[in-house]
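The structure under discussion appears below in the form of C-alpha cells.
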Amino acid sequence: MSEYGGITVRPDGDPASGRAVDLRDRGLDPDRVAAAVREGSQSRDERSGDSGDAGSDTDCGVTVDCPRPRAVHEHVGCVRPSVCVRVRTALAAAARSRGGEAPQDAELAEVRAELAELTVPEPPDLDGPRERLAGTDDAVDRIRERVAALRGRVQAGREAGRDVSDLEAELAEATRELSERETERAAAREAVERAERLARESRDARERRRRLEDRRANLRRRARAHLVERIRDEYEAALATVPGGPGAVDDPFAVDGVTAALAVGRVADFRAPVVVACDRFERPDAAAEWLDAPVIRV
C-alpha cells in the first residue's frame, strides 16, 4: 500500500539506506528522529533535485532524506511505548492518505476560506468616549445657565437705564464659550456613535466567526465519521493481527496506544518512514513488511 520512494538516514557515522533502518544502538530519542523525518522531507522539497548532501540536520544528530509525510504521519508516524492515539482522527487521516474523500469536503473548504478571510476588529474603548461626552454635557449645561442668567441681567440693566457694557462683554465671552463647548459636545457625540458602531461591527464579526467555527467543527465531525466508516472494517481486521496486541476486542477505539498506532499504520498509506520504538517486532524489516512502509527502528 505504501508509496515508497526510498529513504536515506545519516546518523553520526556511516549513512544507512533502504526500507528498514536499524538505529537501536544509537540511543536516539524517537520524537527527535520523527522531527528529522519531517525536516528532511522539507529539505528534499526545497532542493528540487539538488545532488548535494540530502536531508536536514536536527539536534538528535540524524539526517533523513525521504518524501514529505502525509497528515497521518502526525498521528501514528512515531510509535513509542507512551504513544497516545485519537483513533477516529487518526483513522480519518489514514483514509485521506489513501485518497479518501468525504461529502462535506467542498463545504468545509468554503467555511475554511470564509474564516481565513474574516477580519474581527478589536472592540473599541467605549468608556472613554462616553465619559468625555458626559463631561461636555455637564459643561454645556453649566455655561448655558450662565448665559441665560447674564442675558437676564443685561435686559434688567437696560430697562433700568444702567450701563451694561461690562455685562454685555461678559455675556459675549460666555456665549463664545458656550459655542465652543457645544462644538466639543458634537465631536464627543460623534466619537461615541463611531465607537458604538465599531463595537457592533466587532460583536457581529465575533458572532459570525463563532458560527463559522461551530459549522466547521460540525462538518469536521461528519467528515471524520464518514471516513472512519470507510476504513473501519480494515482497521478492526488489522487490530486482530497486531503483533503483541490483545487480538479480539470489544471496543476497537479503546485499545492501548501502541496497538492502535500500529493498526492505523497498517491501513494507512505512508510516504515517509515510520519511527518504531516499540518491541512488537523482532526485526526492523518485519515492522516494515507488516506496516508496508519504510521504517526507522530506534
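Each chain in the C-alpha cells gets a letter, A, B and so on, in the order shown; residues start at 1 in every chain, and ligands are counted from 1 in the order they appear.
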Report task. Considering only C-alpha atoms, return as a list in words whatever protein or nucleic-acid residues lie within 8 Å of A:Val87, sequence-local ones (same chain, fewer than 3 positions apart) excluded. Result ->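 Residues meeting the cut-off are Ala90, Leu91, Phe253, Ala260, Ala261 and Val264 of chain A.
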Requested in this report: Determine, counting only C-alpha atoms, which protein, DNA and RNA residues have an atom within 9 Å of an atom of stretch 79-81 of chain A; residues of the same chain fewer than 6 positions away are not included. Present the result as a PyMOL selection string.
Outcome: chain A and resi 30-31+257-258+261-262+274-279
Restricting the output to N, CA and C atoms, write the selected residues as a PDB file, in the first residue's frame.
```pdb
ATOM      1  N   PRO A  30      13.054   8.991  20.031  1.00  0.00           N
ATOM      2  CA  PRO A  30      12.141   8.741  18.894  1.00  0.00           C
ATOM      3  C   PRO A  30      11.488  10.007  18.354  1.00  0.00           C
ATOM      4  N   ASP A  31      11.071  10.905  19.247  1.00  0.00           N
ATOM      5  CA  ASP A  31      10.398  12.121  18.789  1.00  0.00           C
ATOM      6  C   ASP A  31      11.334  12.992  17.955  1.00  0.00           C
ATOM      7  N   GLY A 257      -2.268   2.503  23.171  1.00  0.00           N
ATOM      8  CA  GLY A 257      -1.779   3.391  22.133  1.00  0.00           C
ATOM      9  C   GLY A 257      -0.918   2.715  21.078  1.00  0.00           C
ATOM     10  N   VAL A 258      -0.026   1.819  21.499  1.00  0.00           N
ATOM     11  CA  VAL A 258       0.846   1.157  20.523  1.00  0.00           C
ATOM     12  C   VAL A 258       0.024   0.300  19.567  1.00  0.00           C
ATOM     13  N   ALA A 261      -1.877   2.578  17.206  1.00  0.00           N
ATOM     14  CA  ALA A 261      -0.997   3.218  16.226  1.00  0.00           C
ATOM     15  C   ALA A 261      -0.577   2.239  15.138  1.00  0.00           C
ATOM     16  N   LEU A 262      -0.248   1.013  15.535  1.00  0.00           N
ATOM     17  CA  LEU A 262       0.171   0.028  14.534  1.00  0.00           C
ATOM     18  C   LEU A 262      -0.983  -0.376  13.623  1.00  0.00           C
ATOM     19  N   VAL A 274       8.189   5.446   9.066  1.00  0.00           N
ATOM     20  CA  VAL A 274       7.600   5.418  10.393  1.00  0.00           C
ATOM     21  C   VAL A 274       8.717   5.140  11.391  1.00  0.00           C
ATOM     22  N   VAL A 275       8.761   5.930  12.448  1.00  0.00           N
ATOM     23  CA  VAL A 275       9.735   5.700  13.516  1.00  0.00           C
ATOM     24  C   VAL A 275       9.117   4.699  14.487  1.00  0.00           C
ATOM     25  N   VAL A 276       9.737   3.550  14.638  1.00  0.00           N
ATOM     26  CA  VAL A 276       9.217   2.489  15.503  1.00  0.00           C
ATOM     27  C   VAL A 276      10.141   2.339  16.707  1.00  0.00           C
ATOM     28  N   ALA A 277       9.604   2.556  17.886  1.00  0.00           N
ATOM     29  CA  ALA A 277      10.385   2.477  19.123  1.00  0.00           C
ATOM     30  C   ALA A 277       9.705   1.553  20.124  1.00  0.00           C
ATOM     31  N   CYS A 278       8.999   0.537  19.629  1.00  0.00           N
ATOM     32  CA  CYS A 278       8.322  -0.422  20.496  1.00  0.00           C
ATOM     33  C   CYS A 278       8.831  -1.823  20.163  1.00  0.00           C
ATOM     34  N   ASP A 279       8.699  -2.742  21.109  1.00  0.00           N
ATOM     35  CA  ASP A 279       9.230  -4.097  20.939  1.00  0.00           C
ATOM     36  C   ASP A 279       8.157  -5.066  20.463  1.00  0.00           C
TER      37      ASP A 279
END
```
Query raised in the report: Quick one: residues within 7 Å of stretch 95-97 of chain A, only C-alpha atoms counted, chain neighbours fewer than 6 positions away excluded, as a PyMOL selection string?
Result: chain A and resi 70+72+227+231+268-269
Query raised in the report: as number ranges by chain, which residues of stretch 225-298 of chain A does DSSP assign to strand (DSSP E)?
Result: A: 274-276, 295-297
Query raised in the report: Quick one: of A:Ala94, A:Val83, A:Ala238, A:Ala186, who's nearest to A:Val140, counting only C-alpha atoms?
Result: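 Residue with the minimum atom-to-atom distance to A:Val140: A:Ala186.
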Query raised in the report: DSSP on the backbone: what in stretch 25-156 of chain A comes out alpha helix (DSSP H), as a ChimeraX atom specification?
Result: /A:30-47,73-76,87-97,105-117,127-156
Report summary line: With distances taken over only C-alpha atoms, the candidate from A:His73, A:Glu122, A:Leu291, A:Pro129 nearest A:Ala195 is A:Pro129
Query raised in the report: Which residues come within 12 Å of A:Gly135, counting only C-alpha atoms, excluding same-chain residues fewer than 3 positions away, as a list of chain:residue names?
Result: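 Residues meeting the cut-off are A:Gly128, A:Pro129, A:Arg130, A:Glu131, A:Arg132, A:Asp138, A:Ala139, A:Val140, A:Asp141, A:Arg142, A:Arg181, A:Glu182, A:Glu184, A:Arg185, A:Ala188, A:Arg189.
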Requested in this report: For A:Leu167, list every protein, DNA or RNA residue within 12 Å, evaluated using only C-alpha atoms, and leave out those in the same chain fewer than 5 positions away; present the list as number ranges by chain.
Outcome: A: 146-147, 149-158, 162, 172-175
Requested in this report: Quick one: pull the distance between atom CA of A:Ala272 and atom CA of A:Pro69, Å, one decimal.
Outcome: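 According to the coordinates, atom CA of A:Ala272 and atom CA of A:Pro69 are separated by 4.8 Å.
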Query - Selection: 8 Å around A:Leu28, only C-alpha atoms, excl. self and same-chain fewer than 4 positions, as a list in words - result: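 Here the qualifying residues turn out to be Leu23, Arg24, Arg32, Val33, Cys60 and Val298 of chain A.
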Please dump the current selection as a PDB file, in the first residue's frame; keep N, CA and C atoms.
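Final output, out24.pdb:
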```
ATOM      1  N   LEU A  23      18.513   1.735  14.036  1.00  0.00           N
ATOM      2  CA  LEU A  23      19.347   2.665  14.801  1.00  0.00           C
ATOM      3  C   LEU A  23      19.222   2.412  16.306  1.00  0.00           C
ATOM      4  N   ARG A  24      18.917   1.185  16.672  1.00  0.00           N
ATOM      5  CA  ARG A  24      18.664   0.901  18.086  1.00  0.00           C
ATOM      6  C   ARG A  24      19.896   1.102  18.972  1.00  0.00           C
ATOM      7  N   ARG A  32      12.608  13.027  18.346  1.00  0.00           N
ATOM      8  CA  ARG A  32      13.550  13.843  17.582  1.00  0.00           C
ATOM      9  C   ARG A  32      13.855  13.213  16.224  1.00  0.00           C
ATOM     10  N   VAL A  33      13.871  11.902  16.172  1.00  0.00           N
ATOM     11  CA  VAL A  33      14.054  11.252  14.882  1.00  0.00           C
ATOM     12  C   VAL A  33      12.842  11.523  13.986  1.00  0.00           C
ATOM     13  N   CYS A  60      19.249  15.843  17.137  1.00  0.00           N
ATOM     14  CA  CYS A  60      19.405  14.445  17.531  1.00  0.00           C
ATOM     15  C   CYS A  60      20.570  13.801  16.794  1.00  0.00           C
ATOM     16  N   VAL A 298      14.317   2.642  16.305  1.00  0.00           N
ATOM     17  CA  VAL A 298      15.177   3.294  17.318  1.00  0.00           C
ATOM     18  C   VAL A 298      14.917   2.654  18.681  1.00  0.00           C
TER      19      VAL A 298
END
```
**Report entry** Selection: 10 Å around A:Glu234, only C-alpha atoms, excl. self and same-chain fewer than 4 positions, as a PyMOL selection string
**Finding:** chain A and resi 229-230+238-239+263-264+266-267
Output of the above residues as a compact mmCIF listing (two decimals), in the first residue's frame, restricted to N, CA and C atoms:
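Here's the written file part.txt:
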```
# COMPACT_ATOMS: atom_id res chain seq x y z
N GLU A 229 -15.84 5.33 8.84
CA GLU A 229 -16.72 4.23 8.45
C GLU A 229 -16.17 3.51 7.21
N ARG A 230 -15.55 4.27 6.31
CA ARG A 230 -15.00 3.66 5.09
C ARG A 230 -13.87 2.68 5.40
N ALA A 238 -7.02 -5.30 11.12
CA ALA A 238 -5.62 -5.07 11.47
C ALA A 238 -5.41 -5.22 12.97
N LEU A 239 -6.37 -4.74 13.76
CA LEU A 239 -6.25 -4.86 15.21
C LEU A 239 -6.07 -6.32 15.64
N ALA A 263 -2.18 -0.53 14.20
CA ALA A 263 -3.32 -0.92 13.38
C ALA A 263 -3.69 0.19 12.40
N VAL A 264 -3.66 1.45 12.87
CA VAL A 264 -3.92 2.58 11.96
C VAL A 264 -2.84 2.64 10.90
N ARG A 266 -1.12 0.24 9.65
CA ARG A 266 -1.23 -0.84 8.67
C ARG A 266 -2.23 -0.49 7.56
N VAL A 267 -3.27 0.29 7.89
CA VAL A 267 -4.27 0.63 6.87
C VAL A 267 -4.00 1.97 6.21
```
Query raised in the report: atom CA of A:Glu168 and atom CA of A:Ala148, how far apart in Å?
Result: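 These two atoms are separated by 12.3 Å.
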